[in-house]
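Source file: my_file.txt; contents: compact mmCIF, C-alpha atoms.
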# COMPACT_ATOMS: atom_id res chain seq x y z
CA MET A 1 -12.78 12.41 37.25
CA ARG A 2 -13.66 8.95 38.57
CA PRO A 3 -16.03 6.40 37.05
CA ASP A 4 -18.55 7.17 39.78
CA ASP A 5 -18.61 10.77 38.66
CA VAL A 6 -19.82 9.81 35.20
CA PRO A 7 -23.61 9.93 34.95
CA PRO A 8 -25.31 6.74 33.77
CA GLY A 9 -26.39 6.45 30.18
CA PRO A 10 -24.71 7.06 26.86
CA LEU A 11 -21.64 9.23 26.49
CA LEU A 12 -20.93 11.55 23.62
CA VAL A 13 -17.29 11.22 22.62
CA ASP A 14 -15.53 13.90 20.65
CA THR A 15 -12.64 13.55 18.24
CA ASP A 16 -10.00 13.81 20.94
CA GLY A 17 -11.72 11.18 23.03
CA PHE A 18 -12.04 8.92 20.03
CA SER A 19 -8.32 9.20 19.30
CA TRP A 20 -7.40 8.49 22.90
CA ILE A 21 -9.53 5.38 22.94
CA THR A 22 -8.78 4.11 19.47
CA TRP A 23 -5.06 4.75 19.24
CA ARG A 24 -4.24 4.89 22.96
CA ARG A 25 -3.19 8.49 22.81
CA ASP A 26 -2.56 10.92 25.65
CA ARG A 27 -5.00 10.25 28.49
CA SER A 28 -6.12 6.89 27.21
CA THR A 29 -5.78 4.94 30.44
CA GLU A 30 -7.51 7.59 32.49
CA PHE A 31 -10.32 7.78 29.99
CA GLU A 32 -10.91 4.06 29.58
CA ALA A 33 -12.10 3.66 33.13
CA LEU A 34 -14.83 6.21 32.51
CA ILE A 35 -16.42 4.61 29.49
CA GLU A 36 -16.82 0.95 30.45
CA GLY A 37 -20.46 -0.03 30.68
CA HIS A 38 -21.65 2.97 28.69
CA VAL A 39 -23.02 3.21 25.18
CA LEU A 40 -20.70 5.55 23.30
CA ALA A 41 -21.89 8.01 20.70
CA LEU A 42 -20.23 10.14 18.06
CA SER A 43 -21.80 13.04 16.31
CA PHE A 44 -21.97 13.07 12.54
CA ALA A 45 -19.52 16.00 12.65
CA THR A 46 -16.93 13.96 14.51
CA VAL A 47 -17.33 11.13 12.03
CA GLY A 48 -16.91 13.64 9.22
CA GLU A 49 -13.75 15.03 10.81
CA LEU A 50 -12.25 11.60 11.23
CA ARG A 51 -13.04 10.60 7.67
CA ALA A 52 -11.70 13.86 6.28
CA GLY A 53 -8.60 13.50 8.42
CA ALA A 54 -8.02 10.03 7.04
CA LEU A 55 -8.36 11.29 3.47
CA ILE A 56 -6.08 14.27 4.00
CA ALA A 57 -3.57 12.00 5.75
CA GLU A 58 -3.71 9.75 2.70
CA TRP A 59 -4.81 6.72 4.58
CA GLY A 60 -5.29 3.80 2.23
CA GLU A 61 -8.51 1.96 1.68
CA ARG A 62 -7.63 -0.78 4.14
CA ARG A 63 -6.79 1.70 6.92
CA ARG A 64 -9.98 3.60 6.26
CA ARG A 65 -11.99 0.40 6.48
CA GLU A 66 -10.44 -0.25 9.88
CA LEU A 67 -11.33 3.27 10.95
CA GLU A 68 -14.90 2.64 9.84
CA ALA A 69 -14.97 -0.55 11.86
CA ARG A 70 -13.98 1.40 14.96
CA ILE A 71 -16.56 4.11 14.25
CA ALA A 72 -19.19 1.40 13.94
CA GLN A 73 -18.68 0.59 17.62
CA TYR A 74 -20.34 3.93 18.42
CA VAL A 75 -23.84 5.22 17.95
CA VAL A 76 -23.65 7.90 15.30
CA LEU A 77 -25.92 10.84 15.95
CA THR A 78 -27.15 12.35 12.75
CA ALA A 79 -28.09 15.95 12.07
CA THR A 80 -31.70 15.87 13.07
CA ASP A 81 -34.13 18.52 14.12
CA PRO A 82 -33.85 17.64 17.85
CA VAL A 83 -30.07 17.84 17.71
CA THR A 84 -30.05 21.26 16.08
CA GLN A 85 -32.79 22.47 18.44
CA ARG A 86 -30.71 21.38 21.40
CA PHE A 87 -27.65 23.03 19.97
CA ALA A 88 -29.54 26.25 19.30
CA SER A 89 -30.91 26.54 22.81
CA ILE A 90 -27.59 25.76 24.47
CA TYR A 91 -25.67 28.06 22.18
CA ALA A 92 -28.16 30.88 22.77
CA ALA A 93 -27.90 30.41 26.51
CA PHE A 94 -24.18 29.89 26.88
CA GLY A 95 -22.58 31.15 23.71
CA ASP A 96 -19.13 29.76 23.21
CA SER A 97 -19.37 27.86 26.47
CA SER A 98 -21.85 25.57 24.79
CA ARG A 99 -19.13 23.77 22.87
CA THR A 100 -19.62 20.64 24.91
CA VAL A 101 -22.59 19.61 22.86
CA GLY A 102 -22.64 22.18 20.13
CA SER A 103 -19.31 21.61 18.52
CA THR A 104 -19.66 17.89 18.37
CA THR A 105 -23.22 17.89 17.21
CA CYS A 106 -23.18 20.68 14.69
CA GLY A 107 -19.70 20.69 13.34
CA SER A 108 -18.18 23.81 14.88
CA ARG A 109 -14.60 22.70 15.23
CA ARG A 110 -13.61 23.48 18.82
CA ARG A 111 -11.34 21.51 21.05
CA ARG A 112 -12.69 20.19 24.31
CA SER A 113 -11.30 18.51 27.36
CA PRO A 114 -12.60 15.02 28.08
CA SER A 115 -14.31 16.02 31.28
CA ARG A 116 -16.56 18.27 29.23
CA ILE A 117 -17.78 15.56 26.94
CA GLY A 118 -21.56 15.60 26.92
CA SER A 119 -23.59 12.66 28.03
CA GLY A 120 -27.19 11.52 27.93
CA SER A 121 -29.69 12.06 25.19
CA VAL A 122 -29.21 14.81 22.72
CA MET J 1 23.77 -20.47 -31.84
CA GLY J 2 22.28 -18.36 -29.08
CA THR J 3 24.07 -16.49 -26.34
CA VAL J 4 25.75 -18.82 -23.86
CA LEU J 5 25.60 -18.14 -20.16
CA ARG J 6 27.81 -19.93 -17.64
CA VAL J 7 26.51 -20.15 -14.09
CA ARG J 8 29.16 -21.24 -11.63
CA LEU J 9 28.75 -22.44 -8.08
CA THR J 10 31.69 -21.95 -5.74
CA GLY J 11 32.24 -23.27 -2.25
CA ALA J 12 33.47 -26.32 -0.39
CA ASP J 13 30.80 -28.63 -1.75
CA ALA J 14 30.61 -27.05 -5.18
CA GLU J 15 32.13 -29.86 -7.18
CA LEU J 16 30.64 -32.76 -9.03
CA GLY J 17 30.20 -35.79 -6.84
CA ARG J 18 29.62 -33.66 -3.74
CA VAL J 19 27.15 -31.02 -4.75
CA ALA J 20 23.48 -31.68 -3.99
CA ALA J 21 21.52 -32.42 -7.14
CA GLY J 22 18.77 -30.16 -5.82
CA ASP J 23 21.21 -27.24 -5.63
CA VAL J 24 22.04 -27.65 -9.29
CA ALA J 25 18.37 -27.67 -10.17
CA ARG J 26 17.74 -24.59 -8.01
CA LEU J 27 20.70 -22.84 -9.62
CA LEU J 28 19.44 -23.40 -13.15
CA LEU J 29 15.81 -22.62 -12.39
CA GLY J 30 16.72 -19.59 -10.32
CA VAL J 31 18.80 -18.08 -13.08
CA GLU J 32 16.05 -18.69 -15.60
CA ARG J 33 13.51 -17.04 -13.28
CA ALA J 34 15.69 -13.95 -12.82
CA VAL J 35 16.26 -13.57 -16.55
CA ALA J 36 12.55 -14.04 -17.24
CA ARG J 37 11.75 -11.26 -14.83
CA ALA J 38 14.35 -9.11 -16.53
CA ALA J 39 12.59 -9.83 -19.83
CA GLY J 40 9.38 -8.59 -18.23
CA GLN J 41 11.15 -5.36 -17.34
CA VAL J 42 12.45 -5.04 -20.89
CA LEU J 43 8.89 -5.40 -22.16
CA GLY J 44 7.67 -2.93 -19.58
CA ARG J 45 5.77 -5.24 -17.31
CA GLN J 46 6.55 -7.30 -14.30
CA VAL J 47 6.47 -11.05 -14.56
CA LYS J 48 4.17 -12.63 -12.00
CA SER J 49 6.04 -14.51 -9.30
CA THR J 50 3.76 -17.46 -9.84
CA GLY J 51 1.75 -18.76 -12.74
CA ARG J 52 2.44 -19.00 -16.44
CA ARG J 53 4.59 -16.27 -17.90
CA GLY J 54 3.62 -14.55 -21.06
CA ARG J 55 4.46 -16.63 -24.09
CA THR J 56 6.93 -14.12 -25.46
CA ILE J 57 8.90 -14.00 -22.24
CA GLU J 58 8.69 -17.73 -21.74
CA GLU J 59 10.02 -18.52 -25.18
CA ALA J 60 12.71 -15.87 -25.09
CA THR J 61 14.17 -16.98 -21.79
CA ARG J 62 13.82 -20.74 -22.06
CA PHE J 63 17.45 -21.71 -21.58
CA ARG J 64 18.83 -24.98 -22.88
CA LEU J 65 21.37 -26.82 -20.81
CA LEU J 66 24.44 -27.49 -22.94
CA GLY J 67 26.48 -29.17 -20.25
CA ILE J 68 28.05 -29.08 -16.84
CA ASP J 69 31.82 -28.64 -16.62
CA GLU J 70 33.74 -31.33 -14.87
CA GLY J 71 35.62 -30.62 -11.68
CA SER J 72 33.35 -27.83 -10.60
CA VAL J 73 29.71 -26.99 -10.98
CA VAL J 74 29.31 -24.77 -14.00
CA GLY J 75 26.00 -24.97 -15.80
CA ILE J 76 26.33 -23.99 -19.44
CA LEU J 77 23.08 -22.49 -20.65
CA GLU J 78 22.08 -21.22 -24.04
CA LEU J 79 19.41 -18.69 -24.84
CA PRO J 80 17.05 -19.55 -27.71
CA SER J 81 18.39 -18.66 -31.14
CA ASP J 82 16.37 -17.79 -34.22
CA GLU J 83 14.64 -21.11 -34.74
CA THR J 84 11.42 -20.00 -33.03
CA GLU J 85 8.43 -18.73 -34.94
CA GLU J 86 9.28 -15.13 -35.16
CA GLU J 87 5.90 -14.01 -36.44
CA SER J 88 4.21 -15.08 -33.25
CA PHE J 89 6.08 -12.52 -31.17
CA ASP J 90 5.80 -8.79 -31.03
CA VAL J 91 9.54 -8.41 -30.46
CA ASP J 92 12.44 -10.37 -31.84
CA VAL J 93 12.88 -13.33 -29.51
CA PRO J 94 16.70 -13.62 -29.43
CA SER J 95 16.96 -9.88 -28.95
CA LEU J 96 14.58 -9.98 -26.05
CA GLY J 97 16.52 -12.81 -24.43
CA GLU J 98 19.78 -10.95 -24.81
CA LEU J 99 18.29 -7.71 -23.58
CA ALA J 100 16.90 -9.60 -20.62
CA LEU J 101 20.31 -11.05 -19.93
CA ASP J 102 21.77 -7.54 -20.09
CA ALA J 103 19.20 -6.37 -17.57
CA ALA J 104 19.83 -9.34 -15.28
CA PHE J 105 23.60 -8.71 -15.34
CA ALA J 106 23.05 -5.02 -14.69
CA THR J 107 20.86 -5.71 -11.66
CA ALA J 108 23.17 -8.40 -10.32
CA GLY J 109 26.16 -6.08 -10.73
CA GLY J 110 24.48 -3.08 -9.13
CA GLU J 111 24.34 -0.90 -12.24
CA GLU J 112 20.57 -1.19 -12.45
CA THR J 113 18.56 -0.46 -9.30
CA GLU J 114 15.03 -0.11 -10.66
CA HIS J 115 14.29 -3.73 -11.49
CA ILE J 116 13.17 -4.76 -8.06
CA ASP J 117 11.56 -8.02 -9.12
CA VAL J 118 14.81 -9.08 -10.80
CA ALA J 119 16.74 -8.25 -7.63
CA ASP J 120 14.16 -10.22 -5.67
CA ALA J 121 14.66 -13.25 -7.92
CA LEU J 122 18.44 -13.05 -7.46
CA VAL J 123 18.10 -12.82 -3.68
CA ARG J 124 15.84 -15.84 -3.76
CA LEU J 125 18.38 -17.69 -5.92
CA VAL J 126 21.31 -17.15 -3.56
CA ASP J 127 19.16 -17.79 -0.48
CA GLU J 128 17.89 -21.08 -1.83
CA LEU J 129 21.46 -22.14 -2.52
CA GLY J 130 22.66 -21.13 0.92
CA VAL J 131 25.20 -18.59 -0.33
CA GLY J 132 27.03 -17.35 2.74
CA THR J 133 26.53 -20.62 4.61
CA ARG J 134 26.72 -23.81 2.54
CA LEU J 135 28.17 -22.20 -0.58
CA ASP J 136 30.32 -19.17 -1.27
CA ALA J 137 28.90 -17.63 -4.39
CA VAL J 138 27.13 -17.92 -7.71
CA THR J 139 28.97 -16.44 -10.67
CA LEU J 140 27.36 -15.51 -13.97
CA GLU J 141 29.49 -15.24 -17.10
CA ASP J 142 28.53 -14.81 -20.74
CA ASP J 143 30.44 -15.54 -23.91
CA ARG J 144 30.19 -12.23 -25.72
CA SER J 145 33.21 -11.65 -27.90
CA ILE J 146 33.26 -7.96 -27.01
CA ARG J 147 33.38 -7.13 -23.31
CA PRO J 148 32.24 -10.46 -21.91
CA ARG J 149 30.53 -9.98 -18.58
CA ARG J 150 31.08 -11.62 -15.25
CA VAL J 151 29.27 -10.92 -12.01
CA VAL J 152 29.70 -12.62 -8.64
CA LEU J 153 26.70 -13.06 -6.36
CA ASP J 154 28.25 -13.60 -2.95
CA TYR J 155 26.82 -12.71 0.44
CA THR J 156 27.83 -9.06 0.08
CA ALA J 157 26.01 -8.83 -3.23
CA ARG J 158 23.04 -10.62 -1.67
CA GLU J 159 22.87 -7.99 1.08
CA ARG J 160 22.99 -5.18 -1.45
CA LEU J 161 20.20 -6.74 -3.51
CA HIS J 162 18.15 -7.50 -0.43
CA GLU J 163 18.36 -3.90 0.67
CA LEU J 164 17.18 -2.84 -2.75
CA VAL J 165 14.19 -5.15 -2.45
CA SER J 166 13.36 -4.32 1.14
CA THR J 167 13.47 -0.56 0.64
CA ALA J 168 11.52 -0.58 -2.60
CA PRO J 169 8.12 1.09 -2.62
CA ARG J 170 5.37 -1.25 -1.52
CA THR J 171 2.28 -1.60 -3.63
CA ARG J 172 -1.26 -2.55 -2.79
CA ASP J 173 -4.76 -2.14 -4.10
CA ASP J 174 -5.94 1.14 -2.74
CA SER J 175 -7.44 4.49 -3.59
CA LEU J 176 -6.23 8.07 -3.41
CA ILE J 177 -8.14 11.33 -3.16
CA GLY J 178 -6.89 14.44 -4.89
CA VAL J 179 -7.02 16.65 -7.94
CA LEU J 180 -5.75 15.54 -11.34
CA VAL J 181 -3.60 18.50 -12.26
CA GLU J 182 -2.15 17.36 -15.57
CA ALA J 183 -2.16 14.48 -18.01
CA ASP J 184 -0.12 13.29 -20.97
CA PHE J 185 -2.39 11.39 -23.33
CA GLU J 186 0.47 10.20 -25.50
CA ARG J 187 2.34 8.62 -22.64
CA ASN J 188 -0.80 7.69 -20.70
CA THR J 189 0.50 9.34 -17.57
CA ALA J 190 -0.94 11.96 -15.27
CA ARG J 191 -0.21 13.72 -12.02
CA LEU J 192 -2.47 13.75 -9.01
CA ARG J 193 -2.08 16.34 -6.31
CA THR J 194 -3.29 14.64 -3.17
CA ALA J 195 -5.37 16.21 -0.45
CA GLY J 196 -2.10 16.55 1.44
CA GLY J 197 -0.57 18.53 -1.43
CA ARG J 198 1.91 15.91 -2.58
CA PRO J 199 2.32 14.84 -6.20
CA VAL J 200 1.55 11.26 -7.16
CA SER J 201 2.31 9.96 -10.63
CA VAL J 202 -0.54 8.18 -12.39
CA ARG J 203 -0.31 5.53 -15.09
CA PHE J 204 -3.44 4.63 -17.01
CA GLU J 205 -4.51 2.48 -19.93
CA SER J 206 -5.89 4.09 -23.06
CA ASP J 207 -9.47 3.10 -22.25
CA LEU J 208 -9.34 5.38 -19.21
CA ALA J 209 -8.13 8.41 -21.18
CA ASP J 210 -11.62 9.90 -21.48
CA SER J 211 -12.21 9.54 -17.75
CA ILE J 212 -8.88 11.23 -17.07
CA HIS J 213 -9.75 14.04 -19.45
CA LYS J 214 -13.12 14.63 -17.81
CA GLY J 215 -11.59 14.50 -14.36
CA LEU J 216 -8.80 17.03 -14.98
CA ARG J 217 -8.62 19.82 -12.39
CA LEU J 218 -11.44 18.29 -10.41
CA PRO J 219 -11.36 16.40 -7.13
CA ALA J 220 -11.45 12.67 -7.74
CA GLU J 221 -10.80 9.35 -6.11
CA LEU J 222 -8.33 7.20 -8.03
CA VAL J 223 -8.61 3.47 -7.50
CA GLY J 224 -5.79 1.12 -8.50
CA GLU J 225 -2.49 -0.34 -7.49
CA VAL J 226 -0.79 2.26 -5.33
CA SER J 227 2.96 2.26 -4.64
CA TYR J 228 4.10 3.61 -1.30
CA GLU J 229 7.46 4.83 -0.14
CA PRO J 230 8.41 2.21 2.46
CA THR J 231 9.81 4.57 5.04
CA SER J 232 7.43 7.51 4.85
CA LEU J 233 4.47 5.39 3.69
CA GLU J 234 3.57 8.20 1.32
CA ALA J 235 1.90 7.32 -1.95
CA ARG J 236 4.27 7.66 -4.88
CA SER J 237 2.37 6.34 -7.87
CA VAL J 238 -0.84 4.64 -8.87
CA SER J 239 -1.55 2.30 -11.71
CA LEU J 240 -5.11 3.32 -12.40
CA ARG J 241 -8.11 1.01 -12.66
CA ARG J 242 -10.99 3.37 -12.01
CA ILE J 243 -11.79 7.02 -11.31
CA VAL J 244 -14.55 8.20 -9.04
CA ARG J 245 -15.12 11.77 -10.12
CA SER J 246 -16.07 14.69 -7.91
CA GLU J 247 -19.75 14.59 -8.66
CA GLN J 248 -19.81 10.90 -7.84
CA LEU J 249 -17.96 11.54 -4.60
CA THR J 250 -20.82 13.71 -3.42
CA MET J 251 -23.50 11.32 -4.59
CA GLY J 252 -25.06 8.96 -2.16
CA LEU J 253 -25.32 11.58 0.55
CA ASP J 254 -28.62 11.07 2.21
CA ALA J 255 -30.02 13.90 4.26
CA GLY J 256 -31.86 11.34 6.30
CA ASP J 257 -34.99 12.07 8.20
CA PHE J 258 -34.13 15.42 9.63
CA TRP J 259 -37.39 15.68 11.52
CA ALA J 260 -37.24 12.27 13.11
CA VAL J 261 -37.14 12.09 16.88
CA SER J 262 -35.06 9.17 18.06
CA SER J 263 -33.49 8.56 21.43
CA ILE J 264 -29.90 7.41 21.64
CA GLY J 265 -31.22 4.08 22.89
CA GLU J 266 -33.30 3.69 19.74
CA LEU J 267 -30.39 4.69 17.58
CA ALA J 268 -28.09 2.28 19.40
CA ALA J 269 -30.57 -0.55 18.88
CA ALA J 270 -30.97 0.33 15.22
CA GLN J 271 -27.20 0.51 14.72
CA GLY J 272 -26.49 -2.58 16.80
CA VAL J 273 -24.32 -0.74 19.33
CA LYS J 274 -24.06 -2.08 22.86
CA PRO J 275 -22.48 -0.70 26.04
CA VAL J 276 -18.71 -1.06 26.16
CA GLU J 277 -17.70 -4.34 27.74
CA ASP J 278 -14.16 -4.58 26.46
CA VAL J 279 -12.27 -1.46 25.48
CA GLU J 280 -10.04 -3.56 23.23
CA ALA J 281 -12.92 -3.81 20.76
CA LEU J 282 -12.59 -0.07 20.23
CA ARG J 283 -8.93 -0.14 19.40
CA ASP J 284 -7.19 0.07 16.06
CA HIS J 285 -3.87 -1.69 16.55
CA ASN J 286 -2.84 -1.64 12.92
CA ALA J 287 -2.47 2.05 12.21
CA SER J 288 1.11 3.17 12.67
CA THR J 289 2.04 6.07 14.93
CA GLU J 290 2.96 8.08 11.87
CA GLU J 291 -0.37 7.40 10.20
CA VAL J 292 -2.31 8.42 13.30
CA ASP J 293 -0.15 11.54 13.70
CA ARG J 294 -0.97 12.56 10.16
CA LEU J 295 -4.69 12.04 10.67
CA LEU J 296 -4.78 13.97 13.94
CA ALA J 297 -2.72 16.79 12.47
CA ALA J 298 -5.20 16.99 9.61
CA VAL J 299 -8.13 17.09 12.04
CA SER J 300 -6.45 19.76 14.15
CA ALA J 301 -5.98 21.91 11.08
CA MET J 302 -9.70 21.87 10.25
As structure tokens, what does this structure read like?
Amino acid sequence: MRPDDVPPGPLLVDTDGFSWITWRRDRSTEFEALIEGHVLALSFATVGELRAGALIAEWGERRRRELEARIAQYVVLTATDPVTQRFASIYAAFGDSSRTVGSTTCGSRRRRSPSRIGSGSV
Amino acid sequence: MGTVLRVRLTGADAELGRVAAGDVARLLLGVERAVARAAGQVLGRQVKSTGRRGRTIEEATRFRLLGIDEGSVVGILELPSDETEEESFDVDVPSLGELALDAAFATAGGEETEHIDVADALVRLVDELGVGTRLDAVTLEDDRSIRPRRVVLDYTARERLHELVSTAPRTRDDSLIGVLVEADFERNTARLRTAGGRPVSVRFESDLADSIHKGLRLPAELVGEVSYEPTSLEARSVSLRRIVRSEQLTMGLDAGDFWAVSSIGELAAAQGVKPVEDVEALRDHNASTEEVDRLLAAVSAM
């Protein structure tokens, strides 16, 4: 995927994408070029996963504060009626193939490839 | 008369008329600092590296200089004897000083490896004196009639003590999440099983006993001074200041306005988030590879 292939507007980043960006993991370099100029968003479920991961990994208070500072660079999408409506319609239409939005917005823990990260309004 | 301690400098310049006056001062003060820290260990608490020491420790380890031997640099120091006001101390002062001296000798000689702050003071002493460069060694000797002790702090000993200090668990103010699985209310200790399943020993003051009791077998966040294993960075112990119990952990959750309709643009404006201009702003450079691995492994297991 090239930057030109990314539609304009905000991008929803999942946990994998967040780790690539934040800690320069795996496909970090490839991914960075795609996100410049975009508003980045995380779902509340991704934020919950990251926070739980930090607690289970026994990250100290200082590390967790730094994680929060990184999360604060993203728009956090909360569990609202429109989000669950969107998830419901996509899930009903596509079933498991709807993970792109569904798993990041409603907490179903499924792994996704970066090219499938949803974008635009939710 | 109190216990006499001889502190000897050896090396090319370690003789009267050649030795730097500052080195003699550093020698005497450094020894006193190490013994004071050892007294803190005897009393069960660490002596702060700066600031006024507790009165008991200060009085018990206030050496008097009896003399300096001619021909070499040997400071002759004496611990306080029984002339101090005994009723003002919770332990016998001469005994504490002698016990502290025992502990200092044990650490210097390698028999005692738990008194990290004493080892740190000894490393600082030999470093300030340039042992291994300007001078050869510092030797400590006491005058006990039975089994008098002698320990040499040369560069080899310095390296051993430095390793002890550098590999000691690190501590910092932090918090841990887990379940309090057991507690001993006579010893004021407890055991936390962390979210990762590892045991962490807990020390608490008596005024926290009720909180510990109420928190047993429940998830809780323990706030205090946490000691970490330096290599694995795993928490080993916590000196407790506060407990956030399970019910408090779930408090503060706000369902928010579930029915609200907000665009991402509106949310971004409300949260102060702007388009990415510099990816560096998104990075966390401080987390170690191991820490990130642990977090991602935990997320993958969800």
For atom CA of Leu77 of chain A and atom CA of Ile35 of chain A, quote the distance in Å rounded to one decimal.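 Distance reported for this atom pair: 17.7 Å.
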Could you give me, as an MDAnalysis selection string, the residues within 12 Å of Ile243 of chain J, counting all atoms listed in the file and dropping anything in the same chain fewer than 5 positions from it? chainID J and resid 174:180 192 202 204 207:216 218:224 238 248:249
Using only C-alpha atoms, which chain J residues lie at most 9 Å away from chain A, written as a PyMOL selection string? chain J and resi 173-178+194-197+226+234-235+255-265+267-269+271-287+289+291-300+302
As an exercise, work out the distance from atom CA of Leu135 of chain J to atom CA of Leu29 of chain J in Å and give it to one decimal place. 17.1 Å
Near Arg8 of chain J, counting only C-alpha atoms, which residues have an atom at most 7 Å away, once you skip same-chain residues fewer than 5 positions from it, shown as a list in words?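 Result of the neighbour search: Val73, Val74, Gly75, Val138, Thr139 and Leu140 of chain J.
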Quick one: distance from atom CA of Ala45 of chain A to atom CA of Arg198 of chain J in Å, one decimal?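 Here the two named atoms are 26.3 Å from each other.
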Long-range neighbours of Val152 of chain J as a PDB file with C-alpha atoms, keeping the file's coordinate frame, 10 Å cut-off, only C-alpha atoms, 4 positions minimum in chain:
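Here's the written file around.pdb:
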ATOM      1  CA  VAL J   7      26.510 -20.150 -14.090  1.00  0.00           C
ATOM      2  CA  ARG J   8      29.160 -21.240 -11.630  1.00  0.00           C
ATOM      3  CA  LEU J   9      28.750 -22.440  -8.080  1.00  0.00           C
ATOM      4  CA  THR J  10      31.690 -21.950  -5.740  1.00  0.00           C
ATOM      5  CA  PHE J 105      23.600  -8.710 -15.340  1.00  0.00           C
ATOM      6  CA  ALA J 108      23.170  -8.400 -10.320  1.00  0.00           C
ATOM      7  CA  GLY J 109      26.160  -6.080 -10.730  1.00  0.00           C
ATOM      8  CA  ASP J 136      30.320 -19.170  -1.270  1.00  0.00           C
ATOM      9  CA  ALA J 137      28.900 -17.630  -4.390  1.00  0.00           C
ATOM     10  CA  VAL J 138      27.130 -17.920  -7.710  1.00  0.00           C
ATOM     11  CA  THR J 139      28.970 -16.440 -10.670  1.00  0.00           C
ATOM     12  CA  LEU J 140      27.360 -15.510 -13.970  1.00  0.00           C
ATOM     13  CA  GLU J 141      29.490 -15.240 -17.100  1.00  0.00           C
ATOM     14  CA  THR J 156      27.830  -9.060   0.080  1.00  0.00           C
ATOM     15  CA  ALA J 157      26.010  -8.830  -3.230  1.00  0.00           C
ATOM     16  CA  ARG J 158      23.040 -10.620  -1.670  1.00  0.00           C
TER      17      ARG J 158
END
Name all residues at most 12 Å from Asp120 of chain J (count only C-alpha atoms; drop same-chain ones fewer than 4 positions away) and give them as number ranges by chain. J: 30-31, 33-35, 37-38, 46-47, 49, 104, 107-108, 113-116, 124-127, 158-168
Counting all atoms listed in the file, figure out which residue out of J:Gln41, J:Ser239, J:Ser227, J:Thr3 gets nearest to Arg170 of chain J.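 Smallest distance to Arg170 of chain J is found for J:Ser227.
Nearest to Arg2 of chain A of all the residues A:Ser28, A:Arg65, A:Leu34, A:Gly17 is A:Leu34, based on only C-alpha atoms.
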